[in-house]
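Undergrad: My file is entry_19.tsv. It has TSV, C-alpha atoms and all ligand atoms:
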```
chain	number	residue	atom	x	y	z
A	29	MET	CA	24.04	-8.43	-18.89
A	30	LYS	CA	23.28	-9.55	-22.41
A	31	GLN	CA	23.42	-6.84	-25.02
A	32	GLY	CA	22.48	-8.37	-28.35
A	33	LYS	CA	18.95	-9.44	-29.16
A	34	PHE	CA	17.77	-13.00	-29.55
A	35	ILE	CA	15.29	-13.58	-32.37
A	36	THR	CA	13.77	-16.97	-33.15
A	37	LEU	CA	11.77	-18.20	-36.14
A	38	GLU	CA	9.07	-20.82	-35.85
A	39	GLY	CA	6.43	-22.53	-37.95
A	40	ILE	CA	5.30	-25.92	-39.17
A	41	ASP	CA	7.44	-27.57	-41.86
A	42	GLY	CA	6.85	-25.75	-45.16
A	43	ALA	CA	5.87	-22.43	-43.52
A	44	GLY	CA	8.64	-20.58	-45.38
A	45	LYS	CA	10.96	-19.80	-42.46
A	46	SER	CA	14.18	-20.25	-44.41
A	47	THR	CA	13.28	-17.65	-47.05
A	48	GLN	CA	12.35	-15.16	-44.36
A	49	LEU	CA	15.50	-15.90	-42.38
A	50	ALA	CA	17.61	-14.62	-45.27
A	51	TRP	CA	15.40	-11.52	-45.47
A	52	ILE	CA	15.75	-10.78	-41.73
A	53	VAL	CA	19.53	-11.02	-41.95
A	54	GLU	CA	19.50	-8.65	-44.94
A	55	LEU	CA	17.33	-6.14	-43.06
A	56	LEU	CA	19.57	-6.19	-39.97
A	57	GLN	CA	22.78	-5.96	-41.98
A	58	ARG	CA	21.39	-2.93	-43.81
A	59	VAL	CA	21.25	-1.06	-40.51
A	60	GLY	CA	24.69	-2.33	-39.47
A	61	ILE	CA	23.64	-4.85	-36.82
A	62	PRO	CA	26.11	-7.74	-36.41
A	63	THR	CA	24.23	-11.03	-36.69
A	64	VAL	CA	24.87	-14.68	-35.94
A	65	VAL	CA	22.60	-17.08	-37.82
A	66	THR	CA	22.04	-20.50	-36.34
A	67	ARG	CA	19.50	-23.30	-36.09
A	68	GLU	CA	17.94	-25.96	-33.88
A	69	PRO	CA	18.35	-28.76	-33.48
A	70	GLY	CA	21.97	-28.00	-34.32
A	71	GLY	CA	24.25	-25.00	-34.22
A	72	THR	CA	27.19	-26.81	-32.55
A	73	ALA	CA	29.28	-29.84	-33.54
A	74	LEU	CA	27.41	-32.12	-31.12
A	75	GLY	CA	24.07	-30.47	-31.91
A	76	GLU	CA	24.47	-31.14	-35.63
A	77	LYS	CA	25.18	-34.83	-34.89
A	78	LEU	CA	22.08	-34.98	-32.72
A	79	ARG	CA	20.14	-33.29	-35.53
A	80	ASP	CA	21.22	-35.99	-38.00
A	81	MET	CA	19.86	-38.65	-35.65
A	82	LEU	CA	16.66	-36.76	-34.84
A	83	LEU	CA	15.82	-36.25	-38.52
A	84	ASP	CA	16.79	-39.78	-39.62
A	85	GLY	CA	13.56	-41.35	-40.82
A	86	SER	CA	14.92	-44.89	-40.36
A	87	LEU	CA	15.22	-44.51	-36.55
A	88	MET	CA	12.51	-45.29	-33.99
A	89	ILE	CA	12.68	-42.76	-31.14
A	90	TYR	CA	10.37	-42.47	-28.11
A	91	PRO	CA	8.80	-39.00	-27.69
A	92	GLU	CA	10.57	-38.61	-24.34
A	93	THR	CA	13.95	-39.44	-25.92
A	94	GLU	CA	13.21	-37.00	-28.73
A	95	ALA	CA	12.47	-34.21	-26.23
A	96	LEU	CA	15.57	-34.98	-24.16
A	97	LEU	CA	17.80	-34.93	-27.25
A	98	MET	CA	16.30	-31.62	-28.40
A	99	PHE	CA	17.08	-30.07	-25.02
A	100	ALA	CA	20.53	-31.69	-24.88
A	101	ALA	CA	21.35	-30.04	-28.21
A	102	ARG	CA	19.87	-26.78	-26.88
A	103	ARG	CA	22.07	-26.79	-23.79
A	104	GLU	CA	25.19	-26.99	-25.99
A	105	HIS	CA	23.79	-24.37	-28.35
A	106	LEU	CA	23.07	-21.89	-25.56
A	107	GLY	CA	26.42	-22.35	-23.85
A	108	ARG	CA	28.68	-22.38	-26.88
A	109	VAL	CA	26.91	-20.14	-29.41
A	110	ILE	CA	23.88	-18.15	-28.28
A	111	LEU	CA	24.94	-16.70	-24.92
A	112	PRO	CA	28.53	-15.82	-25.94
A	113	ALA	CA	27.28	-14.03	-29.08
A	114	LEU	CA	24.63	-12.05	-27.15
A	115	LYS	CA	27.23	-11.08	-24.60
A	116	GLU	CA	29.44	-9.70	-27.37
A	117	GLY	CA	26.53	-7.56	-28.55
A	118	GLN	CA	25.68	-9.64	-31.61
A	119	TRP	CA	22.09	-10.39	-32.55
A	120	VAL	CA	21.35	-14.10	-32.72
A	121	ILE	CA	18.80	-15.29	-35.27
A	122	SER	CA	17.86	-18.91	-34.67
A	123	ASP	CA	15.84	-21.05	-37.05
A	124	ARG	CA	13.69	-22.66	-34.29
A	125	PHE	CA	14.13	-22.78	-30.50
A	126	THR	CA	12.14	-23.99	-27.48
A	127	ASP	CA	8.69	-23.11	-28.88
A	128	ALA	CA	9.36	-25.91	-31.40
A	129	SER	CA	9.70	-28.41	-28.54
A	130	PHE	CA	6.34	-27.32	-27.12
A	131	ALA	CA	4.78	-27.49	-30.60
A	132	TYR	CA	6.34	-30.71	-31.96
A	133	GLN	CA	7.00	-32.81	-28.83
A	134	GLY	CA	4.19	-31.27	-26.75
A	135	GLY	CA	1.57	-30.82	-29.50
A	136	GLY	CA	2.63	-33.27	-32.20
A	137	ARG	CA	3.83	-36.12	-29.95
A	138	GLU	CA	1.37	-35.20	-27.17
A	139	LEU	CA	4.03	-35.14	-24.43
A	140	ASP	CA	2.99	-33.55	-21.15
A	141	ALA	CA	3.83	-29.83	-21.30
A	142	GLY	CA	4.75	-29.92	-17.59
A	143	LYS	CA	7.72	-32.15	-18.42
A	144	LEU	CA	8.83	-29.74	-21.13
A	145	ASP	CA	8.50	-26.85	-18.66
A	146	ILE	CA	10.95	-28.65	-16.37
A	147	LEU	CA	13.46	-29.22	-19.18
A	148	GLU	CA	13.08	-25.63	-20.34
A	149	HIS	CA	13.79	-24.28	-16.89
A	150	TRP	CA	16.69	-26.69	-16.35
A	151	VAL	CA	18.39	-25.83	-19.63
A	152	GLN	CA	17.72	-22.13	-20.04
A	153	GLY	CA	16.60	-20.73	-16.67
A	154	ASP	CA	14.70	-17.52	-17.36
A	155	LEU	CA	16.21	-16.90	-20.77
A	156	GLN	CA	13.62	-16.33	-23.51
A	157	PRO	CA	13.96	-14.92	-27.02
A	158	ASP	CA	13.42	-11.16	-27.27
A	159	LEU	CA	11.24	-11.77	-30.31
A	160	THR	CA	9.78	-14.85	-31.97
A	161	LEU	CA	8.32	-14.70	-35.45
A	162	TYR	CA	5.79	-17.46	-35.88
A	163	PHE	CA	5.02	-18.10	-39.56
A	164	ASP	CA	1.52	-19.49	-39.71
A	165	VAL	CA	0.20	-21.52	-42.63
A	166	PRO	CA	-2.64	-24.02	-42.96
A	167	VAL	CA	-1.34	-27.58	-42.70
A	168	GLU	CA	-2.26	-28.41	-46.31
A	169	VAL	CA	-0.17	-25.49	-47.60
A	170	GLY	CA	2.87	-26.48	-45.54
A	171	ARG	CA	2.60	-30.11	-46.56
A	172	GLN	CA	2.35	-29.27	-50.21
A	173	ARG	CA	5.49	-27.11	-50.06
A	174	VAL	CA	7.41	-29.84	-48.21
A	175	SER	CA	6.41	-32.60	-50.62
A	176	GLN	CA	7.73	-30.54	-53.54
A	177	GLY	CA	11.16	-30.34	-51.92
A	178	GLY	CA	12.34	-33.93	-52.48
A	179	SER	CA	13.20	-36.41	-49.70
A	180	MET	CA	11.37	-35.97	-46.40
A	181	ASP	CA	12.90	-36.25	-42.90
A	182	ARG	CA	11.50	-38.08	-39.84
A	183	PHE	CA	9.18	-35.18	-38.95
A	184	GLU	CA	8.14	-34.30	-42.49
A	185	GLN	CA	7.02	-37.92	-42.97
A	186	GLU	CA	4.35	-37.51	-40.29
A	187	GLN	CA	0.64	-37.45	-41.16
A	188	ALA	CA	-1.54	-34.34	-41.43
A	189	GLY	CA	-3.01	-34.93	-37.94
A	190	PHE	CA	0.46	-34.55	-36.41
A	191	PHE	CA	0.90	-31.15	-38.09
A	192	GLN	CA	-2.60	-30.05	-37.06
A	193	ARG	CA	-1.56	-30.62	-33.44
A	194	VAL	CA	1.79	-28.86	-34.01
A	195	ARG	CA	0.06	-25.84	-35.52
A	196	ALA	CA	-2.57	-25.73	-32.75
A	197	ALA	CA	0.20	-25.80	-30.13
A	198	TYR	CA	2.05	-22.94	-31.87
A	199	LEU	CA	-1.16	-20.87	-32.04
A	200	ASN	CA	-1.74	-21.58	-28.39
A	201	ARG	CA	1.74	-20.37	-27.45
A	202	ALA	CA	1.33	-17.25	-29.57
A	203	LYS	CA	-1.80	-16.49	-27.53
A	204	GLN	CA	-0.03	-17.28	-24.27
A	205	PHE	CA	2.96	-15.00	-24.99
A	206	PRO	CA	1.57	-12.21	-27.18
A	207	ASP	CA	4.36	-9.74	-26.33
A	208	ARG	CA	7.12	-12.09	-27.45
A	209	ILE	CA	5.56	-14.17	-30.24
A	210	LYS	CA	4.39	-12.28	-33.32
A	211	LEU	CA	2.20	-14.20	-35.73
A	212	ILE	CA	2.85	-13.68	-39.42
A	213	ASP	CA	0.34	-14.99	-41.94
A	214	SER	CA	2.64	-16.94	-44.21
A	215	SER	CA	-0.06	-17.97	-46.67
A	216	GLN	CA	0.07	-14.46	-48.18
A	217	SER	CA	2.27	-13.66	-51.19
A	218	LEU	CA	6.04	-13.63	-50.63
A	219	ALA	CA	6.09	-9.83	-50.93
A	220	GLU	CA	3.36	-9.47	-48.30
A	221	VAL	CA	5.13	-11.80	-45.87
A	222	LYS	CA	8.40	-9.91	-46.36
A	223	ALA	CA	6.62	-6.61	-45.68
A	224	ALA	CA	5.05	-8.03	-42.50
A	225	VAL	CA	8.46	-9.25	-41.31
A	226	GLU	CA	9.98	-5.83	-41.99
A	227	ARG	CA	7.21	-4.05	-40.03
A	228	THR	CA	7.63	-6.39	-37.05
A	229	LEU	CA	11.39	-5.98	-37.01
A	230	GLN	CA	11.05	-2.22	-37.32
A	231	CYS	CA	9.10	-2.21	-34.05
A	232	VAL	CA	11.96	-3.96	-32.27
A	233	LEU	CA	14.51	-1.60	-33.80
A	234	ASN	CA	12.49	1.46	-32.80
A	235	HIS	CA	11.51	0.39	-29.31
A	236	GLY	CA	14.72	-1.31	-28.22
A	301	LIG	P1	13.58	-27.65	-39.98
A	301	LIG	O1	13.86	-26.54	-39.04
A	301	LIG	O2	12.24	-27.66	-40.60
A	301	LIG	O3	14.74	-27.69	-41.01
A	301	LIG	P2	14.66	-27.87	-42.58
A	301	LIG	O4	14.08	-26.57	-43.04
A	301	LIG	O5	16.09	-28.10	-42.92
A	301	LIG	O6	13.76	-29.07	-42.80
A	301	LIG	O7	13.82	-29.12	-39.33
A	301	LIG	C1	13.93	-29.38	-38.02
A	301	LIG	C2	12.86	-30.33	-37.57
A	301	LIG	O8	13.02	-30.55	-36.17
A	301	LIG	C3	11.45	-29.80	-37.76
A	301	LIG	O9	10.63	-30.79	-38.36
A	301	LIG	C4	10.94	-29.55	-36.36
A	301	LIG	C5	11.80	-30.42	-35.50
A	301	LIG	N1	12.03	-29.90	-34.14
A	301	LIG	C6	11.36	-30.47	-33.06
A	301	LIG	O10	10.57	-31.40	-33.24
A	301	LIG	N2	11.58	-29.99	-31.79
A	301	LIG	C7	12.46	-28.98	-31.53
A	301	LIG	O11	12.64	-28.57	-30.36
A	301	LIG	C8	13.15	-28.39	-32.65
A	301	LIG	C9	14.11	-27.28	-32.42
A	301	LIG	C10	12.90	-28.88	-33.94
```
For this file, write the structure as structure tokens.
TA:
Amino acid sequence: MKQGKFITLEGIDGAGKSTQLAWIVELLQRVGIPTVVTREPGGTALGEKLRDMLLDGSLMIYPETEALLMFAARREHLGRVILPALKEGQWVISDRFTDASFAYQGGGRELDAGKLDILEHWVQGDLQPDLTLYFDVPVEVGRQRVSQGGSMDRFEQEQAGFFQRVRAAYLNRAKQFPDRIKLIDSSQSLAEVKAAVERTLQCVLNHG
């Protein structure tokens, strides 16, 4: 039986996940919860190599290959990092997980969701995050934040239409799994977003 909790963070590029990740870790550490912070694609030696390839803007990659590589990295991540940490009672906070595959490869690249369902079941069985925080921002806001950050990776270089589809797919999943995925309006001020994150986390802490 797993004992720790598995929390994932999602959002389009520029939604402000990284800032909130640091805040979540601070909140959990304040109440003495041991945390492991990780990310996807990545989190293992092989996963980080796959990440380098997946984000390399000079490579041409078919959508199917992209999805397979995301799930290949995920299989390593689950086996070597996520499941062992949960078993030890640590809480795992992952910057992205499978919802990103449904949003980016399913929505953005328009891959058939049925194929992703098969990969999901193959790689993770019934395992799902205990809580997913989805940081929602309009595409224009996300794109503006990303373009201020310097060089852009293979996904960040995509056009606005791609991110509209990614966002729509995330919103769709949030509707489909309302108990697990909590939507946070990330276009509010930083202080408001932090307060919303704290409230959501408090619910998990209070209700197990
Ligand atoms: P991101 O998490 O945004 O990292 P950074 O903040 O360092 O840019 O970058 C990872 C990219 O990978 C992001 O554009 C979304 C993409 N991605 C997928 O397309 N599918 C997936 O399954 C995952 C996990 C990520």
Undergrad: Rank nothing, just name the residue among A:Ile52, A:Leu106, A:Ala101, A:Val232 nearest to A:Asp158, using all atoms listed in the file.
TA: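 For A:Asp158, the nearest of the candidates is A:Val232.
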Undergrad: Taking a cut-off of 10 Å and counting all atoms listed in the file, can you build a table that, for each residue of chain A near ligand LIG 301 (chain A), reports the nearest atom pair and how far apart they are in Å (one decimal), sorted by chain then residue number, as a tab-separated table?
TA:
```
residue	atom	partner	partner_atom	distance
A:Leu37	CA	A:LIG301	O1	9.1
A:Glu38	CA	A:LIG301	O1	8.1
A:Gly39	CA	A:LIG301	O2	8.2
A:Ile40	CA	A:LIG301	O9	7.3
A:Asp41	CA	A:LIG301	O2	5.0
A:Gly42	CA	A:LIG301	O2	7.3
A:Ala43	CA	A:LIG301	O2	8.7
A:Gly44	CA	A:LIG301	O4	8.4
A:Lys45	CA	A:LIG301	O4	7.5
A:Ser46	CA	A:LIG301	O4	6.5
A:Thr47	CA	A:LIG301	O4	9.8
A:Arg67	CA	A:LIG301	O1	7.1
A:Glu68	CA	A:LIG301	C9	4.3
A:Pro69	CA	A:LIG301	C9	4.6
A:Gly70	CA	A:LIG301	C9	8.1
A:Arg79	CA	A:LIG301	O8	7.7
A:Asp80	CA	A:LIG301	C1	9.8
A:Leu82	CA	A:LIG301	O8	7.3
A:Leu83	CA	A:LIG301	C2	6.7
A:Pro91	CA	A:LIG301	O10	9.6
A:Glu94	CA	A:LIG301	O10	7.7
A:Ala95	CA	A:LIG301	O11	7.0
A:Leu96	CA	A:LIG301	O11	9.4
A:Leu97	CA	A:LIG301	O11	8.8
A:Met98	CA	A:LIG301	O11	5.2
A:Phe99	CA	A:LIG301	O11	7.1
A:Ala101	CA	A:LIG301	C9	8.8
A:Arg102	CA	A:LIG301	C9	8.0
A:Ser122	CA	A:LIG301	C9	9.4
A:Asp123	CA	A:LIG301	O1	6.2
A:Arg124	CA	A:LIG301	C9	5.0
A:Phe125	CA	A:LIG301	C9	4.9
A:Thr126	CA	A:LIG301	O11	5.4
A:Asp127	CA	A:LIG301	O11	6.9
A:Ala128	CA	A:LIG301	O11	4.3
A:Ser129	CA	A:LIG301	O11	3.5
A:Phe130	CA	A:LIG301	O11	7.2
A:Ala131	CA	A:LIG301	N2	7.3
A:Tyr132	CA	A:LIG301	O10	4.5
A:Gln133	CA	A:LIG301	O10	5.8
A:Gly134	CA	A:LIG301	N2	9.0
A:Gly135	CA	A:LIG301	O10	9.8
A:Gly136	CA	A:LIG301	O10	8.2
A:Arg137	CA	A:LIG301	O10	8.9
A:Val174	CA	A:LIG301	O6	8.4
A:Gly177	CA	A:LIG301	O6	9.6
A:Met180	CA	A:LIG301	O6	8.1
A:Asp181	CA	A:LIG301	O6	7.2
A:Arg182	CA	A:LIG301	O9	7.5
A:Phe183	CA	A:LIG301	O9	4.7
A:Glu184	CA	A:LIG301	O9	6.0
A:Gln185	CA	A:LIG301	O9	9.2
A:Glu186	CA	A:LIG301	O9	9.4
A:Phe191	CA	A:LIG301	O9	9.7
A:Val194	CA	A:LIG301	O10	9.2
```
Undergrad: Looking at all atoms listed in the file, which of A:Val120, A:Val151, A:Ile35, A:Ile110 is the one that sits closest to A:Pro62?
TA: A:Val120
Undergrad: Can you work out the spacing between atom CA of A:Gly117 and atom CA of A:Val59 in Å, to one decimal?
TA: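 Result for atom CA of A:Gly117 versus atom CA of A:Val59: 14.6 Å, one decimal.
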Undergrad: Figure out the distance between atom CA of A:Asp213 and atom CA of A:Arg201, please, to one decimal in Å.
TA: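 Calculated distance between atom CA of A:Arg201 and atom CA of A:Asp213 is 15.5 Å.
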Undergrad: Distance atom CA of A:Gln57-atom CA of A:Val225, one decimal place?
TA: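 Separating atom CA of A:Gln57 from atom CA of A:Val225 is a distance of 14.7 Å.
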Undergrad: Here is a test: counting all atoms listed in the file, which residue of A:His149, A:Leu114, A:Gln48, A:Thr63 is nearest to A:Ile212?
TA: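 Closest to A:Ile212 of all the choices is A:Gln48.
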Undergrad: Can you pull out every residue within 7 Å of A:Lys115, counting all atoms listed in the file, but drop anything in the same chain fewer than 2 positions away, and send it as a list in words?
TA: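 Residues meeting the cut-off are Lys30, Gln31, Gly32, Leu111, Pro112, Ala113 and Gly117 of chain A.
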Undergrad: Under the rule that all atoms listed in the file are counted, which of A:Ala202, A:Ala73, A:Thr93, A:Ala50 is the nearest residue to A:Leu144?
TA: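 Answer, going by the shortest atom-to-atom distance: A:Thr93.
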Undergrad: Take stretch 216-227 of chain A, bring it up to all heavy atoms, and give me the output as a compact mmCIF listing (two decimals), in the frame of the given file.
TA:
```
# COMPACT_ATOMS: atom_id res chain seq x y z
N GLN A 216 0.14 -15.60 -47.26
CA GLN A 216 0.07 -14.46 -48.18
C GLN A 216 1.18 -14.59 -49.24
O GLN A 216 2.01 -15.48 -49.16
CB GLN A 216 0.32 -13.15 -47.42
CG GLN A 216 -0.51 -12.92 -46.18
CD GLN A 216 -0.01 -11.70 -45.41
OE1 GLN A 216 -0.48 -10.59 -45.62
NE2 GLN A 216 0.96 -11.90 -44.55
N SER A 217 1.21 -13.64 -50.17
CA SER A 217 2.27 -13.66 -51.19
C SER A 217 3.62 -13.41 -50.51
O SER A 217 3.67 -12.83 -49.41
CB SER A 217 2.02 -12.56 -52.22
OG SER A 217 2.29 -11.31 -51.63
N LEU A 218 4.69 -13.81 -51.18
CA LEU A 218 6.04 -13.63 -50.63
C LEU A 218 6.29 -12.16 -50.28
O LEU A 218 6.83 -11.85 -49.22
CB LEU A 218 7.06 -14.12 -51.67
CG LEU A 218 8.49 -14.23 -51.21
CD1 LEU A 218 8.60 -15.14 -50.00
CD2 LEU A 218 9.36 -14.75 -52.35
N ALA A 219 5.86 -11.26 -51.17
CA ALA A 219 6.09 -9.83 -50.93
C ALA A 219 5.35 -9.36 -49.68
O ALA A 219 5.87 -8.56 -48.89
CB ALA A 219 5.64 -9.02 -52.15
N GLU A 220 4.13 -9.87 -49.49
CA GLU A 220 3.36 -9.47 -48.30
C GLU A 220 4.00 -10.00 -47.02
O GLU A 220 4.03 -9.30 -46.01
CB GLU A 220 1.91 -9.97 -48.42
CG GLU A 220 1.08 -9.15 -49.39
CD GLU A 220 -0.26 -9.82 -49.71
OE1 GLU A 220 -0.29 -11.06 -49.91
OE2 GLU A 220 -1.27 -9.10 -49.77
N VAL A 221 4.50 -11.23 -47.07
CA VAL A 221 5.13 -11.80 -45.87
C VAL A 221 6.40 -11.00 -45.55
O VAL A 221 6.64 -10.65 -44.39
CB VAL A 221 5.45 -13.31 -46.06
CG1 VAL A 221 6.11 -13.87 -44.81
CG2 VAL A 221 4.20 -14.10 -46.38
N LYS A 222 7.17 -10.68 -46.59
CA LYS A 222 8.40 -9.91 -46.36
C LYS A 222 8.08 -8.54 -45.74
O LYS A 222 8.77 -8.09 -44.82
CB LYS A 222 9.16 -9.70 -47.68
CG LYS A 222 9.92 -10.95 -48.11
CD LYS A 222 10.56 -10.77 -49.47
CE LYS A 222 11.97 -10.24 -49.38
NZ LYS A 222 12.66 -10.24 -50.69
N ALA A 223 7.02 -7.92 -46.21
CA ALA A 223 6.62 -6.61 -45.68
C ALA A 223 6.20 -6.74 -44.21
O ALA A 223 6.54 -5.89 -43.38
CB ALA A 223 5.49 -6.01 -46.52
N ALA A 224 5.49 -7.81 -43.89
CA ALA A 224 5.05 -8.03 -42.50
C ALA A 224 6.26 -8.26 -41.59
O ALA A 224 6.31 -7.75 -40.46
CB ALA A 224 4.09 -9.22 -42.43
N VAL A 225 7.24 -9.01 -42.09
CA VAL A 225 8.46 -9.25 -41.31
C VAL A 225 9.18 -7.92 -41.07
O VAL A 225 9.62 -7.62 -39.95
CB VAL A 225 9.38 -10.25 -42.05
CG1 VAL A 225 10.77 -10.28 -41.43
CG2 VAL A 225 8.77 -11.64 -42.04
N GLU A 226 9.27 -7.11 -42.10
CA GLU A 226 9.98 -5.83 -41.99
C GLU A 226 9.29 -4.93 -40.95
O GLU A 226 9.96 -4.31 -40.12
CB GLU A 226 10.02 -5.14 -43.36
CG GLU A 226 10.93 -3.93 -43.35
CD GLU A 226 11.24 -3.41 -44.75
OE1 GLU A 226 10.74 -3.98 -45.73
OE2 GLU A 226 11.99 -2.41 -44.83
N ARG A 227 7.96 -4.88 -41.00
CA ARG A 227 7.21 -4.05 -40.03
C ARG A 227 7.47 -4.53 -38.59
O ARG A 227 7.68 -3.72 -37.70
CB ARG A 227 5.70 -4.15 -40.31
CG ARG A 227 5.20 -3.24 -41.43
CD ARG A 227 3.68 -3.10 -41.39
NE ARG A 227 2.99 -4.38 -41.51
CZ ARG A 227 2.68 -4.97 -42.68
NH1 ARG A 227 3.01 -4.39 -43.81
NH2 ARG A 227 2.04 -6.12 -42.69
```
